[in-house]
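Working notes, structure below.
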Amino acid sequence: MKTSSHLTISRRGLLAMAGAGLATATLPGALFAQGSGNILVIASGQDIPNFDPHTATGYSASFFMRNVYDPLVRVAGNPPEAVPALAESWEVSEDGKTYVFKLNGNARFHSGAPVTSEDVVYSFQRALSLAKGNSWMIRDIVTAEGVKALDATTVEFTLATPFAAFLQVLPWIFIVEKAVVEANLGADMGQTWLLTNTAGSGPFQVARVEVGTLYHLARVADAWQPGGGNLGGVIWQIVRETATQRLLLQRGEAHIAVDLTSEDMDSLADAPGVVRVLEPEYRTFSIKMNTKNGPLTDPNMRKAISHATNYQAIVDAAGYANLMTGPLPDGILGHNPDLGVYRMDLDKAKEYLAKTATPEGGITLKMVHVSGLEQQRRWALIMLDSLKQINIDLEIQPLKWPDMVAACASPETFPDLFPVYQTANYGDPDNIAFAAYHSSRNGGWQNAVYSNPEVDALIEAGRAEIDPEKRKAIYQAFQEMVVADAPDIFGVLEKRRLGLRDSVKNYNFTPVASNAIEAWPLSLS
Amino acid sequence: MLYFILRRIVLLFPVVIGLTVIMFAIARLLPGDPVALAAGPNATQAEIEALAREFGLDQPIWTQYANYVAGLVQGDLGTSLLTRRPVAADIAAYLPATLELVFAAMFIAVIVGIPLGLVTAVWRNRWPDYLSQILAIGAISMPRFFLGLLLQLCFAMWLMWLPLGGRFPIILIPPPTVTGFLTIDSLLAGDMNAFATALRHLAMPAIAMSLSPLATIMRMMRASTIEVMSQDYVTTARALGLPKAKIILKYVARNAVSATLTVTGLYFGWLLGGTVLVETVFDWPGLGLYATKAIISQDMLPVIGVALVIGLLFVLANLAIDLLYGVINPKVRYS
């Protein structure tokens, strides 16, 4: 008995000692808080496997480019506008085909060499000839011969065709130092070298890389960029679980979390020290219909389905989102909020159904969705319920994303209903209009089947017109025509969900690529 | 014995060839278009074809396979279609993290599981036995990622004793890489603070991974101990009046542990292939996450590379176990 009680005490003592040991061992946590004074930590689920600004894709790569490289102009504000970066000023010709950029004379690469117009010409030509990454944005618009260095700090672009959104795509074409890339050309135009090295002029440069864990960018000692906050560096920390991102934010170990779910945002509502950013961004979710094959080739059938859809359930399942009011996102140039888009109305649905080859319904449609994406699965179930109301059955098939992409190859393999997210890569209506509704995109997942020559003509006119007022009129007509065609079930605009510590100062939301944080203007208090 | 080891190593070749053939066949048979996916939504057909050409994916599968094997001989595992990084470099970066985690988990499982199995066998059908049986069933049936989340909630959020995840605090510079195992590297660098930090990061994921093998090892050890205890030589030893502790530790445990070792080897391979959930929860930058991402985007060369490496490790681990039999029981002969 005596020994046993003795044992209990020693066990308790052991536990206490273990606890104390662990507690002292947490000291590095305290050190962290002190040492990170000027280092901004961003928690993100996406790795940055490739540093080459002309081949890399993904928002993590965008974050990297925006901070390590400079484009001619940057995008800022809400609604987004082009602001000076390497180019301190620019002029556009009357016909919208000639742009002349004057470079900032202070601009320096990390090597110390000045940024010249030769570097700009070289970068655009490299991007075009590699034809990867963001180069699609200037494909058929900028040609290799169309970029000219007039003098050391003046660059002239002669566009192959007038392109109204030119200043909106420029923030995504980054300038590399010609001499450095040429010195490391290899057999693949420097692609292998730039995969892990940089040749930029941005306000930050790579300090430390642990693949799959973190990317530490340090402020360039005498960064040429005007303004700027008090950051000494930025860490892009890979945190795969969104719940963990939220916990890190709550504990103050991350300053910004970029992949939070609606549930995370709910639970951060009253978290001390945390600021939630919930802003509409140009990111649409809609369900594409097969306009080329099967029962949905009949516009009346598409309209019947559009009227049968339970939009309230769709927006409820989406969390922080607004219903779309047409093919273009709210707030973008030319957006028409009064299109009278389809809303749930079973009488109208049955009216349209009566005009089809199967007036009583009784058919089975097929819908696919990305397997594992809970939100898409819920939407598929909502469609199942909605279509039952007009006696149409729905077969739901979860697919892996590569299989969904493969299904887009032809109208015969494309399912009747195909859910898709589209993110605007630049803040201009042309982006979504062209990617999602122009027939040249047929066969790809953004617009597998829909084609209407009149819509094509409007999209082309919209990108060629310079006058904003005329463009508005063109996009109004475009929206009306697309709504009349009903190629999509217009879904929701998801709000961007970011979590910030309140110590992050001078943050301003821009509804384009807002998860690829631009760190230069930010400060930590 | 040398002959035995050599023969087992020679046997690795059919394993490697078999794995590559199967993986290549699966890669070809799967539906989907990985090249179009990697080229991105805005690529033209010409750009997709150019990408396929760049990676040799436009060639017949036999040529692709021959090229792959030719590279493999030189230690080249190809290039990832999605990230454009060499697969061998990626695996070299991620493998140590996974190995460290699996070794730590197996260490806990063996160190705790074997004595516990022995104890429950000796006191079988009494309360330590019942308690451990309940715990064992609980440990086997509890999903590892869920246990991981519970541990995080308890030790990282409430008690704040341990970090939420990762291998090392992002703000600190890790010790210079020698083995890739942060615990060993920090010891080699003589940095005890770094060692303690690395251990604290390793603790929760390793415990979450260890419970299921721990329970199995314990149950195996219990069953084989009970079996050995009924052998005649144990009865004889008791009849001779040897102390009970000596009988259990020297004669029973040594004989009972052989069967348990087999399970340990199998579990090692199983854990290597099953780290992904724990890696996700604890942000452990390991092979499981890397492979999962590659599988989802049908980026086949990383998948084949990971399958090869895990296959090889599995074979080697079981070879090591086979050799251990001899160490524990000198009667074992290799032929």
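Each chain in the structure tokens gets a letter, A, B, ..., in the order shown, and its residues are numbered from 1; ligands are numbered from 1 in order too.
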Interface list for chain A, partner chain B, 9 Å threshold, only C-alpha atoms, as an MDAnalysis selection string:
chainID A and resid 19 22:26 28:29 32 35:36 39 48:50 56:57 131:134 136:137 192 195 210:214 216 235 237:241 243:244 247:248 251 400:407 435 441 444:446
Which residues come within 8 Å of segment 116-121 of chain B, counting only C-alpha atoms, excluding same-chain residues fewer than 4 positions away, as an NGL selection string?
:B and (112 or 128-129 or 132 or 217-223 or 225-226 or 253)
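The two atoms in question, atom CA of Pro143 of chain B and atom CA of Ser210 of chain B, are spaced 11.7 Å apart.
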Do a neighbour search on Val178 of chain B at 9 Å with only C-alpha atoms, toss out local chain neighbours closer than 5 positions, and write the hits as a VMD selection string.
chain B and resid 184 to 185 188
Give the alpha helix (DSSP H) residues of segment 91-210 of chain A, as DSSP finds them on the backbone, and put them as a PyMOL selection string.
chain A and resi 117-130+166-169+178-183+191-196
Nearest residue to Thr262 of chain B out of B:Leu147, B:Ala320, B:Ile140, B:Leu19, using only C-alpha atoms?
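Once distances to Thr262 of chain B are computed over only C-alpha atoms, the minimum belongs to B:Ala320.
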Tell me, as a PDB file with N, CA and C atoms, in the first residue's frame, which residues lie within 8 Å of Pro79 of chain A, counting only C-alpha atoms; anything in the same chain fewer than 5 positions away does not count.
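Final file, selection04.pdb:
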ATOM      1  N   GLY A 331     -20.208  44.356 -61.405  1.00  0.00           N
ATOM      2  CA  GLY A 331     -19.192  45.374 -61.175  1.00  0.00           C
ATOM      3  C   GLY A 331     -18.190  45.502 -62.302  1.00  0.00           C
ATOM      4  N   ILE A 332     -18.119  44.510 -63.192  1.00  0.00           N
ATOM      5  CA  ILE A 332     -17.146  44.592 -64.274  1.00  0.00           C
ATOM      6  C   ILE A 332     -17.703  45.518 -65.354  1.00  0.00           C
ATOM      7  N   THR A 510      -8.353  44.288 -54.168  1.00  0.00           N
ATOM      8  CA  THR A 510      -8.556  44.431 -55.616  1.00  0.00           C
ATOM      9  C   THR A 510      -9.148  43.119 -56.110  1.00  0.00           C
ATOM     10  N   PRO A 511     -10.256  43.187 -56.848  1.00  0.00           N
ATOM     11  CA  PRO A 511     -10.959  41.928 -57.166  1.00  0.00           C
ATOM     12  C   PRO A 511     -10.324  41.103 -58.278  1.00  0.00           C
TER      13      PRO A 511
END
Could you check the closest approach to Thr325 of chain A for each of A:Leu373, A:Leu249, A:Val275, A:Val482 and tell me which residue wins, using only C-alpha atoms?
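Counting only C-alpha atoms, the residue closest to Thr325 of chain A is A:Val482.
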Spatial neighbours of segment 287-302 of chain A, max dist 7 Å, only C-alpha atoms, sep filter under 2 positions, as a list in words:
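Near segment 287-302 of chain A, the qualifying residues are Ala304, Ile305, Ser306, Tyr352, Leu353, Lys355, Thr356, Pro411, Glu412, Phe414, Pro415, Asp416, Leu417, Phe418, Pro419, Val420, Val449, Tyr450, Asp485, Ala486, Pro487, Asp488, Ile489, Phe490 and Gly491 of chain A.
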Save the residues we just selected, N, CA and C atoms, as a PDB file, in the first residue's frame?
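Wrote it out as part-v2.pdb, contents follow:
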ATOM      1  N   ALA A 304     -36.330  25.601 -70.064  1.00  0.00           N
ATOM      2  CA  ALA A 304     -37.127  24.858 -69.081  1.00  0.00           C
ATOM      3  C   ALA A 304     -36.260  24.513 -67.873  1.00  0.00           C
ATOM      4  N   ILE A 305     -35.050  24.046 -68.150  1.00  0.00           N
ATOM      5  CA  ILE A 305     -34.147  23.677 -67.048  1.00  0.00           C
ATOM      6  C   ILE A 305     -33.739  24.923 -66.265  1.00  0.00           C
ATOM      7  N   SER A 306     -33.455  26.011 -66.990  1.00  0.00           N
ATOM      8  CA  SER A 306     -33.053  27.249 -66.314  1.00  0.00           C
ATOM      9  C   SER A 306     -34.152  27.739 -65.369  1.00  0.00           C
ATOM     10  N   TYR A 352     -42.070  25.966 -71.283  1.00  0.00           N
ATOM     11  CA  TYR A 352     -40.986  25.738 -72.238  1.00  0.00           C
ATOM     12  C   TYR A 352     -40.851  24.248 -72.556  1.00  0.00           C
ATOM     13  N   LEU A 353     -41.025  23.431 -71.534  1.00  0.00           N
ATOM     14  CA  LEU A 353     -40.885  21.981 -71.740  1.00  0.00           C
ATOM     15  C   LEU A 353     -41.926  21.498 -72.756  1.00  0.00           C
ATOM     16  N   LYS A 355     -42.897  22.885 -75.295  1.00  0.00           N
ATOM     17  CA  LYS A 355     -42.520  23.201 -76.674  1.00  0.00           C
ATOM     18  C   LYS A 355     -41.423  22.265 -77.196  1.00  0.00           C
ATOM     19  N   THR A 356     -40.949  21.342 -76.362  1.00  0.00           N
ATOM     20  CA  THR A 356     -39.842  20.485 -76.786  1.00  0.00           C
ATOM     21  C   THR A 356     -40.381  19.172 -77.359  1.00  0.00           C
ATOM     22  N   PRO A 411     -18.549  17.270 -78.622  1.00  0.00           N
ATOM     23  CA  PRO A 411     -19.926  17.346 -78.122  1.00  0.00           C
ATOM     24  C   PRO A 411     -20.478  15.968 -77.751  1.00  0.00           C
ATOM     25  N   GLU A 412     -19.971  14.910 -78.399  1.00  0.00           N
ATOM     26  CA  GLU A 412     -20.493  13.564 -78.129  1.00  0.00           C
ATOM     27  C   GLU A 412     -20.068  13.074 -76.744  1.00  0.00           C
ATOM     28  N   PHE A 414     -19.226  15.209 -74.282  1.00  0.00           N
ATOM     29  CA  PHE A 414     -19.558  16.234 -73.290  1.00  0.00           C
ATOM     30  C   PHE A 414     -20.901  15.885 -72.636  1.00  0.00           C
ATOM     31  N   PRO A 415     -20.987  15.897 -71.313  1.00  0.00           N
ATOM     32  CA  PRO A 415     -22.251  15.552 -70.642  1.00  0.00           C
ATOM     33  C   PRO A 415     -23.294  16.643 -70.843  1.00  0.00           C
ATOM     34  N   ASP A 416     -24.539  16.350 -70.473  1.00  0.00           N
ATOM     35  CA  ASP A 416     -25.592  17.350 -70.640  1.00  0.00           C
ATOM     36  C   ASP A 416     -25.357  18.560 -69.742  1.00  0.00           C
ATOM     37  N   LEU A 417     -24.930  18.298 -68.508  1.00  0.00           N
ATOM     38  CA  LEU A 417     -24.699  19.389 -67.555  1.00  0.00           C
ATOM     39  C   LEU A 417     -23.281  19.280 -67.011  1.00  0.00           C
ATOM     40  N   PHE A 418     -22.568  20.413 -67.015  1.00  0.00           N
ATOM     41  CA  PHE A 418     -21.141  20.411 -66.683  1.00  0.00           C
ATOM     42  C   PHE A 418     -20.839  21.633 -65.823  1.00  0.00           C
ATOM     43  N   PRO A 419     -20.606  21.441 -64.522  1.00  0.00           N
ATOM     44  CA  PRO A 419     -20.351  22.593 -63.657  1.00  0.00           C
ATOM     45  C   PRO A 419     -18.919  23.106 -63.834  1.00  0.00           C
ATOM     46  N   VAL A 420     -18.747  24.412 -63.804  1.00  0.00           N
ATOM     47  CA  VAL A 420     -17.392  24.946 -63.986  1.00  0.00           C
ATOM     48  C   VAL A 420     -17.226  26.296 -63.272  1.00  0.00           C
ATOM     49  N   VAL A 449     -18.716  23.522 -75.953  1.00  0.00           N
ATOM     50  CA  VAL A 449     -19.594  23.344 -77.099  1.00  0.00           C
ATOM     51  C   VAL A 449     -20.277  24.608 -77.616  1.00  0.00           C
ATOM     52  N   TYR A 450     -20.514  25.597 -76.771  1.00  0.00           N
ATOM     53  CA  TYR A 450     -21.372  26.710 -77.191  1.00  0.00           C
ATOM     54  C   TYR A 450     -20.728  27.526 -78.307  1.00  0.00           C
ATOM     55  N   ASP A 485     -29.924  32.848 -75.405  1.00  0.00           N
ATOM     56  CA  ASP A 485     -29.493  31.514 -75.838  1.00  0.00           C
ATOM     57  C   ASP A 485     -29.524  30.492 -74.690  1.00  0.00           C
ATOM     58  N   ALA A 486     -29.407  30.968 -73.470  1.00  0.00           N
ATOM     59  CA  ALA A 486     -29.393  30.118 -72.269  1.00  0.00           C
ATOM     60  C   ALA A 486     -28.449  28.924 -72.387  1.00  0.00           C
ATOM     61  N   PRO A 487     -27.163  29.166 -72.689  1.00  0.00           N
ATOM     62  CA  PRO A 487     -26.232  28.038 -72.766  1.00  0.00           C
ATOM     63  C   PRO A 487     -25.796  27.537 -71.385  1.00  0.00           C
ATOM     64  N   ASP A 488     -25.968  28.382 -70.377  1.00  0.00           N
ATOM     65  CA  ASP A 488     -25.525  28.035 -69.022  1.00  0.00           C
ATOM     66  C   ASP A 488     -26.696  28.191 -68.056  1.00  0.00           C
ATOM     67  N   ILE A 489     -26.620  27.455 -66.952  1.00  0.00           N
ATOM     68  CA  ILE A 489     -27.429  27.814 -65.786  1.00  0.00           C
ATOM     69  C   ILE A 489     -26.541  28.770 -65.010  1.00  0.00           C
ATOM     70  N   PHE A 490     -26.888  30.065 -65.015  1.00  0.00           N
ATOM     71  CA  PHE A 490     -26.027  31.040 -64.357  1.00  0.00           C
ATOM     72  C   PHE A 490     -26.088  30.809 -62.845  1.00  0.00           C
ATOM     73  N   GLY A 491     -24.958  30.585 -62.257  1.00  0.00           N
ATOM     74  CA  GLY A 491     -24.922  30.180 -60.854  1.00  0.00           C
ATOM     75  C   GLY A 491     -24.606  31.325 -59.916  1.00  0.00           C
TER      76      GLY A 491
END
Between atom CA of Val75 of chain A and atom CA of Arg219 of chain A, what is the distance in Å, rounded to a tenth?
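So the answer is 20.7 Å.
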